[in-house]
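Structure file my_file05.cif (mmCIF, C-alpha atoms) follows.
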```cif
data_run
loop_
_atom_site.label_atom_id
_atom_site.label_comp_id
_atom_site.auth_asym_id
_atom_site.auth_seq_id
_atom_site.Cartn_x
_atom_site.Cartn_y
_atom_site.Cartn_z
CA MET A 1 144.41 104.96 44.86
CA THR A 2 144.47 101.24 45.39
CA GLU A 3 146.93 99.86 47.88
CA SER A 4 148.29 96.57 46.76
CA THR A 5 147.67 93.85 49.39
CA PRO A 6 150.54 91.42 49.98
CA GLN A 7 149.76 88.15 48.24
CA ARG A 8 149.62 85.23 50.69
CA ARG A 9 151.47 82.17 49.56
CA GLY A 10 150.01 78.73 50.42
CA ALA A 11 151.77 75.45 51.11
CA PRO A 12 153.09 73.55 48.13
CA LEU A 13 150.42 71.61 46.33
CA TRP A 14 151.97 68.24 47.12
CA ALA A 15 151.94 68.96 50.85
CA GLN A 16 148.32 70.04 50.75
CA ILE A 17 147.38 66.91 48.83
CA ILE A 18 149.20 64.66 51.29
CA VAL A 19 147.56 66.27 54.30
CA TRP A 20 144.11 66.15 52.77
CA VAL A 21 144.54 62.57 51.62
CA PHE A 22 145.64 61.66 55.12
CA LEU A 23 142.64 63.38 56.71
CA VAL A 24 140.19 61.88 54.22
CA GLY A 25 141.78 58.46 54.77
CA LEU A 26 141.28 58.79 58.51
CA LEU A 27 137.64 59.76 58.00
CA VAL A 28 137.10 56.82 55.66
CA ILE A 29 138.59 54.40 58.20
CA VAL A 30 136.39 55.81 60.97
CA ALA A 31 133.32 55.67 58.71
CA MET A 32 134.06 52.07 57.72
CA GLY A 33 134.43 51.10 61.35
CA LEU A 34 131.13 52.74 62.24
CA ARG A 35 129.39 51.17 59.26
CA ARG A 36 130.65 47.72 60.17
CA ALA A 37 129.58 48.23 63.76
CA GLN A 38 126.09 49.18 62.65
CA GLN A 39 125.82 46.42 60.07
CA GLY A 40 123.65 43.52 60.99
CA THR A 41 124.19 39.94 60.02
CA VAL A 42 125.03 38.96 56.46
CA GLN A 43 122.01 39.66 54.34
CA PRO A 44 119.94 37.28 52.20
CA GLY A 45 121.12 37.26 48.61
CA GLN A 46 124.77 37.18 49.56
CA VAL A 47 126.86 34.26 48.33
CA ILE A 48 128.43 32.59 51.33
CA ASP A 49 132.17 32.12 51.04
CA ASN A 50 133.92 28.91 51.87
CA PHE A 51 134.59 28.16 55.52
CA LYS A 52 135.74 25.17 57.50
CA LEU A 53 134.15 23.79 60.65
CA THR A 54 135.94 21.22 62.78
CA LEU A 55 133.43 18.77 64.19
CA PHE A 56 133.11 17.18 67.59
CA SER A 57 133.94 13.51 67.79
CA GLY A 58 130.67 11.64 67.43
CA TYR A 59 129.11 14.50 65.44
CA GLU A 60 131.02 14.12 62.17
CA TYR A 61 129.68 14.77 58.69
CA GLU A 62 129.72 11.59 56.61
CA GLY A 63 132.50 10.25 58.80
CA LYS A 64 134.68 13.33 58.32
CA THR A 65 135.91 15.42 61.22
CA GLU A 66 135.79 18.62 59.20
CA VAL A 67 133.23 20.09 56.88
CA THR A 68 133.65 22.93 54.40
CA MET A 69 131.05 25.09 52.75
CA ASN A 70 132.40 24.21 49.33
CA GLU A 71 131.73 20.50 49.78
CA LEU A 72 128.17 21.28 50.88
CA ARG A 73 127.32 23.20 47.71
CA GLY A 74 124.47 21.50 45.93
CA ASN A 75 122.72 20.94 49.26
CA ILE A 76 120.52 23.22 51.25
CA VAL A 77 122.59 24.13 54.28
CA VAL A 78 121.15 25.14 57.63
CA ILE A 79 123.78 26.63 59.93
CA ASN A 80 122.69 27.01 63.51
CA PHE A 81 124.80 29.02 65.96
CA TRP A 82 124.25 27.95 69.54
CA ALA A 83 125.94 27.59 72.92
CA SER A 84 125.37 25.45 75.97
CA TRP A 85 125.12 28.55 78.17
CA CYS A 86 122.41 30.01 75.94
CA LYS A 87 118.95 29.53 77.41
CA PRO A 88 117.00 30.62 74.29
CA CYS A 89 118.94 27.98 72.34
CA GLU A 90 117.25 25.34 74.48
CA GLN A 91 113.84 26.58 73.31
CA GLU A 92 114.53 25.53 69.74
CA ALA A 93 116.84 22.56 70.28
CA THR A 94 114.10 19.94 70.12
CA GLU A 95 112.48 21.44 67.01
CA LEU A 96 115.88 21.73 65.37
CA GLN A 97 116.54 18.04 65.89
CA GLN A 98 113.02 17.18 64.68
CA ALA A 99 113.62 19.18 61.52
CA TRP A 100 116.91 17.35 60.99
CA GLU A 101 115.16 14.03 61.39
CA ILE A 102 112.66 15.06 58.71
CA TYR A 103 115.01 16.63 56.17
CA GLY A 104 118.32 14.88 56.90
CA PRO A 105 117.35 11.51 55.37
CA THR A 106 116.41 13.21 52.07
CA GLY A 107 120.11 13.93 51.54
CA GLU A 108 119.23 17.35 50.18
CA VAL A 109 119.43 19.31 53.41
CA VAL A 110 122.43 19.44 55.71
CA PHE A 111 122.20 20.81 59.23
CA ILE A 112 125.37 22.13 60.79
CA GLY A 113 125.66 23.26 64.38
CA ALA A 114 128.32 25.85 65.17
CA ASP A 115 129.01 25.97 68.88
CA TYR A 116 129.78 29.57 69.76
CA VAL A 117 132.34 30.42 72.52
CA ASP A 118 131.60 27.32 74.49
CA THR A 119 133.47 24.60 76.31
CA GLU A 120 133.41 21.12 74.85
CA PRO A 121 132.30 19.20 77.98
CA GLU A 122 129.33 21.53 78.48
CA ALA A 123 128.53 21.43 74.78
CA ARG A 124 128.47 17.65 74.82
CA VAL A 125 126.14 17.65 77.81
CA TYR A 126 123.82 19.99 75.92
CA LEU A 127 123.90 17.88 72.73
CA LYS A 128 123.18 14.73 74.69
CA LYS A 129 120.44 16.38 76.73
CA PHE A 130 118.51 17.37 73.60
CA GLY A 131 119.38 14.25 71.63
CA ILE A 132 121.00 16.23 68.83
CA THR A 133 122.59 14.04 66.18
CA PHE A 134 123.40 16.34 63.24
CA PRO A 135 127.01 17.47 62.65
CA ASN A 136 128.23 19.88 65.28
CA GLY A 137 131.51 21.51 66.10
CA PRO A 138 133.12 24.43 67.85
CA ASP A 139 133.40 27.72 66.01
CA LEU A 140 137.13 27.88 66.60
CA ALA A 141 138.46 31.39 67.17
CA THR A 142 134.90 32.58 66.33
CA LYS A 143 135.92 32.81 62.68
CA ILE A 144 132.61 31.61 61.24
CA SER A 145 130.46 33.71 63.56
CA GLN A 146 132.57 36.74 62.71
CA TYR A 147 132.06 36.05 59.02
CA PHE A 148 128.29 35.86 59.51
CA ARG A 149 128.49 38.85 61.87
CA ILE A 150 126.16 37.16 64.32
CA LYS A 151 124.75 39.36 67.04
CA GLY A 152 124.11 36.55 69.48
CA VAL A 153 122.85 33.01 69.79
CA PRO A 154 120.77 31.33 68.61
CA GLU A 155 120.93 32.44 65.01
CA THR A 156 120.17 30.21 62.04
CA TYR A 157 121.19 30.73 58.42
CA PHE A 158 119.55 29.00 55.45
CA ILE A 159 121.74 28.70 52.38
CA ASP A 160 120.41 27.40 49.07
CA ARG A 161 122.02 24.91 46.69
CA GLU A 162 123.98 27.65 44.93
CA GLY A 163 125.46 28.84 48.20
CA VAL A 164 123.28 31.94 48.38
CA LEU A 165 121.93 32.95 51.76
CA GLN A 166 118.13 32.86 51.60
CA PHE A 167 116.93 33.44 55.12
CA VAL A 168 118.24 34.47 58.51
CA GLN A 169 116.51 33.60 61.76
CA VAL A 170 117.66 35.72 64.66
CA GLY A 171 116.53 34.19 67.93
CA PRO A 172 114.93 30.82 68.59
CA PHE A 173 112.41 29.08 66.37
CA ALA A 174 109.00 28.77 67.89
CA SER A 175 107.89 25.59 66.13
CA LEU A 176 108.77 22.90 63.66
CA GLN A 177 106.34 24.45 61.18
CA GLN A 178 108.51 27.54 61.13
CA PHE A 179 111.43 25.45 59.91
CA GLN A 180 109.24 23.79 57.32
CA SER A 181 107.92 27.11 56.06
CA ILE A 182 111.50 28.09 55.21
CA ILE A 183 113.00 24.82 53.99
CA ASP A 184 110.09 23.52 51.90
CA PRO A 185 110.08 26.45 49.44
CA MET A 186 113.86 26.15 49.12
CA LEU A 187 113.51 22.46 48.32
CA SER A 188 110.86 23.09 45.70
CA ASN A 189 112.95 25.72 43.92
CA MET B 1 178.76 -23.98 134.65
CA THR B 2 178.52 -20.62 136.01
CA THR B 3 180.35 -19.38 133.07
CA ILE B 4 178.01 -21.17 130.79
CA HIS B 5 175.08 -19.89 132.73
CA ASN B 6 176.45 -16.45 132.59
CA ALA B 7 177.10 -16.83 128.95
CA THR B 8 173.63 -18.14 128.41
CA ASN B 9 172.25 -15.31 130.41
CA LEU B 10 174.30 -12.91 128.42
CA ARG B 11 173.14 -14.49 125.19
CA ILE B 12 169.55 -14.32 126.38
CA THR B 13 169.98 -10.71 127.33
CA ASN B 14 171.48 -9.89 123.94
CA TYR B 15 168.75 -11.80 122.18
CA SER B 16 166.06 -9.87 123.97
CA GLU B 17 167.65 -6.52 122.90
CA VAL B 18 167.87 -7.58 119.20
CA SER B 19 164.36 -8.85 119.33
CA LEU B 20 163.05 -5.46 120.38
CA TRP B 21 164.89 -3.76 117.54
CA ASP B 22 163.64 -6.37 115.11
CA LYS B 23 160.13 -5.70 116.26
CA LEU B 24 160.48 -1.97 115.74
CA LEU B 25 162.39 -2.08 112.49
CA PRO B 26 159.59 -3.39 110.24
CA ALA B 27 157.17 -0.89 111.73
CA ILE B 28 159.60 1.94 111.08
CA LEU B 29 160.26 0.70 107.57
CA ILE B 30 156.56 0.42 106.80
CA ALA B 31 155.95 3.88 108.19
CA LEU B 32 158.82 5.28 106.15
CA THR B 33 157.59 3.51 103.01
CA PHE B 34 154.07 4.85 103.38
CA THR B 35 155.39 8.31 104.11
CA LEU B 36 157.52 8.15 100.97
CA ILE B 37 154.66 6.85 98.82
CA PHE B 38 152.16 9.44 100.01
CA SER B 39 154.62 12.28 99.78
CA THR B 40 155.49 11.22 96.22
CA LEU B 41 151.81 11.08 95.33
CA ALA B 42 151.28 14.45 96.91
CA PHE B 43 154.09 15.91 94.82
CA ALA B 44 152.90 14.15 91.66
CA GLN B 45 149.42 15.63 92.01
CA SER B 46 149.29 19.41 91.73
CA PRO B 47 147.45 20.98 94.61
CA THR B 48 143.88 21.96 93.82
CA PRO B 49 144.03 25.43 92.25
CA THR B 50 142.55 28.12 94.42
CA ASP B 51 140.23 30.84 93.19
CA ASP B 52 143.18 33.21 93.33
CA ASP B 53 145.18 30.93 91.03
CA VAL B 54 142.28 30.78 88.60
CA ASN B 55 141.59 34.52 88.76
CA LYS B 56 145.24 35.34 88.20
CA ILE B 57 144.82 33.94 84.69
CA ALA B 58 141.15 34.84 84.31
CA LYS B 59 141.87 38.54 84.73
CA GLN B 60 144.10 38.37 81.67
CA LEU B 61 141.23 37.13 79.56
CA TYR B 62 138.09 38.86 78.38
CA CYS B 63 134.62 37.48 77.92
CA PRO B 64 133.72 37.72 74.21
CA VAL B 65 130.03 37.45 74.96
CA CYS B 66 129.80 40.42 77.30
CA GLU B 67 132.28 42.89 75.86
CA SER B 68 134.91 44.66 77.94
CA THR B 69 134.40 42.43 80.96
CA PRO B 70 137.41 40.59 82.36
CA LEU B 71 136.80 36.91 82.93
CA ASP B 72 137.54 37.03 86.65
CA VAL B 73 134.60 39.35 87.35
CA CYS B 74 132.26 38.26 84.56
CA PRO B 75 129.05 36.88 86.07
CA THR B 76 127.72 34.96 83.06
CA GLU B 77 127.40 31.21 82.78
CA ALA B 78 129.87 31.16 79.88
CA CYS B 79 132.51 32.85 82.01
CA ARG B 80 131.87 30.46 84.91
CA GLN B 81 132.49 27.58 82.51
CA TRP B 82 135.68 29.19 81.30
CA ARG B 83 136.97 29.67 84.83
CA GLU B 84 136.33 25.98 85.43
CA VAL B 85 138.33 25.19 82.31
CA ILE B 86 141.21 27.24 83.73
CA ARG B 87 140.93 25.41 87.05
CA THR B 88 140.94 22.01 85.33
CA MET B 89 143.92 22.91 83.17
CA LEU B 90 145.84 24.22 86.18
CA ALA B 91 145.09 21.01 88.05
CA ASP B 92 146.41 19.10 85.03
CA GLY B 93 149.66 20.99 85.41
CA LYS B 94 149.24 23.27 82.41
CA SER B 95 151.21 26.49 82.47
CA GLU B 96 149.72 29.98 82.21
CA ALA B 97 150.99 30.32 78.65
CA GLU B 98 149.47 27.00 77.64
CA ILE B 99 146.11 27.95 79.12
CA LYS B 100 146.08 31.30 77.36
CA GLN B 101 147.05 29.65 74.10
CA HIS B 102 144.17 27.21 74.51
CA PHE B 103 141.73 30.10 74.86
CA VAL B 104 143.22 31.88 71.85
CA THR B 105 142.85 28.74 69.76
CA GLN B 106 139.29 28.20 70.89
CA TYR B 107 137.95 31.74 70.97
CA GLY B 108 140.38 33.96 69.10
CA VAL B 109 142.97 36.57 69.98
CA ARG B 110 140.35 39.02 71.12
CA VAL B 111 139.95 37.18 74.43
CA LEU B 112 143.41 38.35 75.52
CA ASN B 113 143.67 41.61 77.43
CA VAL B 114 147.10 42.17 75.90
CA PRO B 115 147.69 41.24 72.26
CA PRO B 116 150.05 38.28 71.80
CA ASN B 117 152.51 40.35 69.80
CA PRO B 118 152.37 43.83 71.30
CA TRP B 119 155.16 45.15 69.10
CA ALA B 120 153.31 44.36 65.90
CA ASN B 121 150.05 45.59 67.31
CA TYR B 122 151.37 48.80 68.78
CA LEU B 123 154.11 49.48 66.25
CA VAL B 124 151.91 49.80 63.19
CA PRO B 125 149.40 52.23 64.70
CA GLY B 126 152.27 54.00 66.47
CA VAL B 127 154.16 54.52 63.23
CA ALA B 128 150.96 55.59 61.49
CA ILE B 129 150.21 58.15 64.19
CA LEU B 130 153.81 59.38 64.15
CA LEU B 131 153.80 59.75 60.37
CA GLY B 132 150.45 61.49 60.46
CA THR B 133 151.61 63.89 63.15
CA LEU B 134 154.81 64.63 61.24
CA MET B 135 152.81 65.25 58.10
CA LEU B 136 150.46 67.58 59.90
CA VAL B 137 153.30 69.46 61.59
CA ARG B 138 155.09 69.73 58.26
CA GLY B 139 151.90 70.88 56.61
CA PHE B 140 151.34 73.59 59.21
CA GLN B 141 154.97 74.67 58.94
CA LEU B 142 154.64 74.99 55.20
CA TRP B 143 151.51 77.03 55.62
CA LYS B 144 153.17 79.22 58.17
CA ARG B 145 156.61 79.61 56.61
CA PRO B 146 155.67 81.72 53.61
CA LEU B 147 154.00 84.21 55.93
CA VAL B 148 157.06 84.37 58.15
CA ALA B 149 159.33 84.53 55.17
CA GLU B 150 157.08 87.05 53.59
CA SER B 151 156.96 89.19 56.69
CA ALA B 152 160.72 88.89 57.12
CA SER B 153 161.52 89.68 53.54
CA ALA B 154 158.69 92.12 53.32
CA GLY B 155 160.33 94.19 56.04
CA SER B 156 162.70 95.75 53.56
CA LYS B 157 159.96 96.00 50.95
CA ARG B 158 157.67 97.73 53.40
CA GLU B 159 160.39 100.18 54.21
CA ALA B 160 161.01 100.76 50.56
CA GLN B 161 157.38 100.81 49.60
CA PRO B 162 156.44 104.15 51.18
CA ILE B 163 159.33 105.77 49.37
CA GLN B 164 158.28 104.19 46.11
CA GLN B 165 154.70 105.15 46.80
CA ASP B 166 155.74 108.67 47.72
CA GLU B 167 157.70 109.01 44.51
CA TYR B 168 154.75 107.73 42.58
CA ILE B 169 152.41 110.12 44.34
CA GLN B 170 154.80 112.95 43.79
CA LYS B 171 154.95 112.14 40.08
CA MET B 172 151.19 111.91 39.91
CA GLU B 173 150.78 115.16 41.70
CA GLU B 174 153.30 116.78 39.39
CA GLU B 175 151.41 115.49 36.38
CA LEU B 176 148.17 116.79 37.77
CA ARG B 177 149.70 120.16 38.49
CA LYS B 178 151.02 120.36 34.94
CA ARG B 179 147.59 119.59 33.51
CA LYS B 180 146.06 122.27 35.65
#
```

Take the structure in this file and express it as structure tokens.
Amino acid sequence: MTESTPQRRGAPLWAQIIVWVFLVGLLVIVAMGLRRAQQGTVQPGQVIDNFKLTLFSGYEYEGKTEVTMNELRGNIVVINFWASWCKPCEQEATELQQAWEIYGPTGEVVFIGADYVDTEPEARVYLKKFGITFPNGPDLATKISQYFRIKGVPETYFIDREGVLQFVQVGPFASLQQFQSIIDPMLSN
Amino acid sequence: MTTIHNATNLRITNYSEVSLWDKLLPAILIALTFTLIFSTLAFAQSPTPTDDDVNKIAKQLYCPVCESTPLDVCPTEACRQWREVIRTMLADGKSEAEIKQHFVTQYGVRVLNVPPNPWANYLVPGVAILLGTLMLVRGFQLWKRPLVAESASAGSKREAQPIQQDEYIQKMEEELRKRK
């Protein structure tokens, strides 16, 4: 004798799908957030999108108060994130300027300083103190640093003529030779 | 003669009284003028903002360098600079809203302790959470309802089932008996 067990009815299929989609969606959002939090800076090989940097008066690029990534394509671009309150930035400031003085006149390399969460008067004091002359401007609303996902300052990004990121330096440069060891191969390519 | 003398005396006396007033009047006028000028200047210049004035705004801002630290208690050099910016802007007569807007423009919305448009920022997640909760509740109800409905409707079935089963058993037993 087999006693028939009452058959248990489930929720309608559409309701189950909605609930599961909702739960999976939540998990995906959480996972994406975690992944982004664990991600480092943008990685070499990535094409850098266009961005705009407003420049300090006296630190313009070819007389312009703004510079965009698009107009720099065709040049090797060195983007240095710094701040006046950043002590490690001071360690590389002199070498950075020396490198600019070497490569700037060639017209093939453009140095851009992005001043990260800083105040303009203090930034100007810093620029004057280290005799920096290459284009510099505030990273307004931290849009550029967020794009590069910088973890701190100083950080320097080397972008080739095609707009592809080639090298990332996290922390200060130790010497001028270190700059040259990165830029020279990019120039020869 | 006497009259004249008296009159002269009187005139002299009057002259000496006016003279005293005339001497005092310019001094009073100068004093009043200086008082007016300095008080006007004092009103024109905002008083030097105190630390409390600065911190009142600073506590509404967050340091983006050291996360989750309000600006008024942040010990870093960057935060010190920012507090000085607030002090300077207050001294320049800028309002709280103008100062906060300056920081948003310079450093982004994330420096604010309260989003600039709380409705938009709270409404969207709020609606999403509400919808999600409703969907979950609805989902659980749908899972539960068939069982309730089943148990409710099964009440009559369960009552009927033993009878049906008994009849079936009886028939089976009868069949078996016949075969024996």

* To do: Report the residues retrieved by the PyMOL selection byres ((chain A) within 10 of (chain B)) from the displayed file, expressed as JSON, numbers by chain.
  => {"A": [1, 3, 6, 7, 8, 9, 10, 11, 12, 14, 15, 16, 17, 18, 19, 20, 22, 23, 26, 83, 84, 85, 86, 116, 117, 118, 119, 120, 121, 122, 138, 139, 140, 141, 142, 143, 151, 152, 153]}

Residues in the PyMOL selection byres ((chain B and resi 99) around 9), expressed as a PDB file with C-alpha atoms, in the coordinates of the input:
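Result went into expr-v1.pdb, see below:
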```pdb
ATOM      1  CA  ILE B  57     144.820  33.940  84.690  1.00  0.00           C
ATOM      2  CA  VAL B  85     138.330  25.190  82.310  1.00  0.00           C
ATOM      3  CA  ILE B  86     141.210  27.240  83.730  1.00  0.00           C
ATOM      4  CA  MET B  89     143.920  22.910  83.170  1.00  0.00           C
ATOM      5  CA  LEU B  90     145.840  24.220  86.180  1.00  0.00           C
ATOM      6  CA  LYS B  94     149.240  23.270  82.410  1.00  0.00           C
ATOM      7  CA  SER B  95     151.210  26.490  82.470  1.00  0.00           C
ATOM      8  CA  GLU B  96     149.720  29.980  82.210  1.00  0.00           C
ATOM      9  CA  ALA B  97     150.990  30.320  78.650  1.00  0.00           C
ATOM     10  CA  GLU B  98     149.470  27.000  77.640  1.00  0.00           C
ATOM     11  CA  LYS B 100     146.080  31.300  77.360  1.00  0.00           C
ATOM     12  CA  GLN B 101     147.050  29.650  74.100  1.00  0.00           C
ATOM     13  CA  HIS B 102     144.170  27.210  74.510  1.00  0.00           C
ATOM     14  CA  PHE B 103     141.730  30.100  74.860  1.00  0.00           C
ATOM     15  CA  VAL B 104     143.220  31.880  71.850  1.00  0.00           C
TER      16      VAL B 104
END
```

* Asked: Got a sec to resolve the PyMOL selection byres ((chain B and resi 113) around 7) on this structure and send the residues as a PyMOL selection string?
  -> chain B and resi 60-62+111-112+114-115

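Using all atoms listed in the file, the shortest contact distance between A:Lys52 and any of A:Ser145, A:Gln38, A:Thr133, A:Gln91 is found at A:Ser145.
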
* d(atom CA of A:Gln46, atom CA of A:Phe148) in Å -> 10.6 Å

* Contact residues around stretch 35-37 of chain A with all atoms listed in the file at 12 Å, ignoring same-chain residues under 6 positions, as a ChimeraX atom specification -> /A:27-29,146-147,149-151

Take the selection from the previous step and output its residues with C-alpha atoms, as a JSON list (two decimals), keeping the file's coordinate frame.
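Result file again.json:
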```json
[["chain", "number", "residue", "atom", "x", "y", "z"],
["A", 27, "LEU", "CA", 137.64, 59.76, 58.00],
["A", 28, "VAL", "CA", 137.10, 56.82, 55.66],
["A", 29, "ILE", "CA", 138.59, 54.40, 58.20],
["A", 146, "GLN", "CA", 132.57, 36.74, 62.71],
["A", 147, "TYR", "CA", 132.06, 36.05, 59.02],
["A", 149, "ARG", "CA", 128.49, 38.85, 61.87],
["A", 150, "ILE", "CA", 126.16, 37.16, 64.32],
["A", 151, "LYS", "CA", 124.75, 39.36, 67.04]]
```

* **Residue contacts of A:Glu155 (8 Å, only C-alpha atoms) excluding same-chain residues fewer than 4 positions away, as a ChimeraX atom specification** => /A:80-82,150,168-172

* Compile the contact shell of A:Glu71 as number ranges by chain: residues with an atom at most 12 Å away, counting all atoms listed in the file, same-chain residues fewer than 2 positions apart removed. => A: 49-53, 61-62, 64, 66-69, 73-77, 110, 161-163

Keeping only C-alpha atoms, write those residues as an mmCIF file, keeping the file's coordinate frame.
```
data_model
loop_
_atom_site.group_PDB
_atom_site.id
_atom_site.type_symbol
_atom_site.label_atom_id
_atom_site.label_comp_id
_atom_site.auth_asym_id
_atom_site.auth_seq_id
_atom_site.Cartn_x
_atom_site.Cartn_y
_atom_site.Cartn_z
ATOM 1 C CA ASP A 49 132.170 32.120 51.040
ATOM 2 C CA ASN A 50 133.920 28.910 51.870
ATOM 3 C CA PHE A 51 134.590 28.160 55.520
ATOM 4 C CA LYS A 52 135.740 25.170 57.500
ATOM 5 C CA LEU A 53 134.150 23.790 60.650
ATOM 6 C CA TYR A 61 129.680 14.770 58.690
ATOM 7 C CA GLU A 62 129.720 11.590 56.610
ATOM 8 C CA LYS A 64 134.680 13.330 58.320
ATOM 9 C CA GLU A 66 135.790 18.620 59.200
ATOM 10 C CA VAL A 67 133.230 20.090 56.880
ATOM 11 C CA THR A 68 133.650 22.930 54.400
ATOM 12 C CA MET A 69 131.050 25.090 52.750
ATOM 13 C CA ARG A 73 127.320 23.200 47.710
ATOM 14 C CA GLY A 74 124.470 21.500 45.930
ATOM 15 C CA ASN A 75 122.720 20.940 49.260
ATOM 16 C CA ILE A 76 120.520 23.220 51.250
ATOM 17 C CA VAL A 77 122.590 24.130 54.280
ATOM 18 C CA VAL A 110 122.430 19.440 55.710
ATOM 19 C CA ARG A 161 122.020 24.910 46.690
ATOM 20 C CA GLU A 162 123.980 27.650 44.930
ATOM 21 C CA GLY A 163 125.460 28.840 48.200
#
```

* Identify, on the basis of all atoms listed in the file, every residue whose closest approach to stretch 128-130 of chain A does not exceed 10 Å; exclude the query and any residue fewer than 4 positions from it along the same chain; express the result as JSON, numbers by chain. => {"A": [90, 92, 93, 94, 95, 96, 97, 122, 123, 124]}

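Interatomic distance, atom CA of A:Val109 to atom CA of A:Leu72: 9.3 Å.
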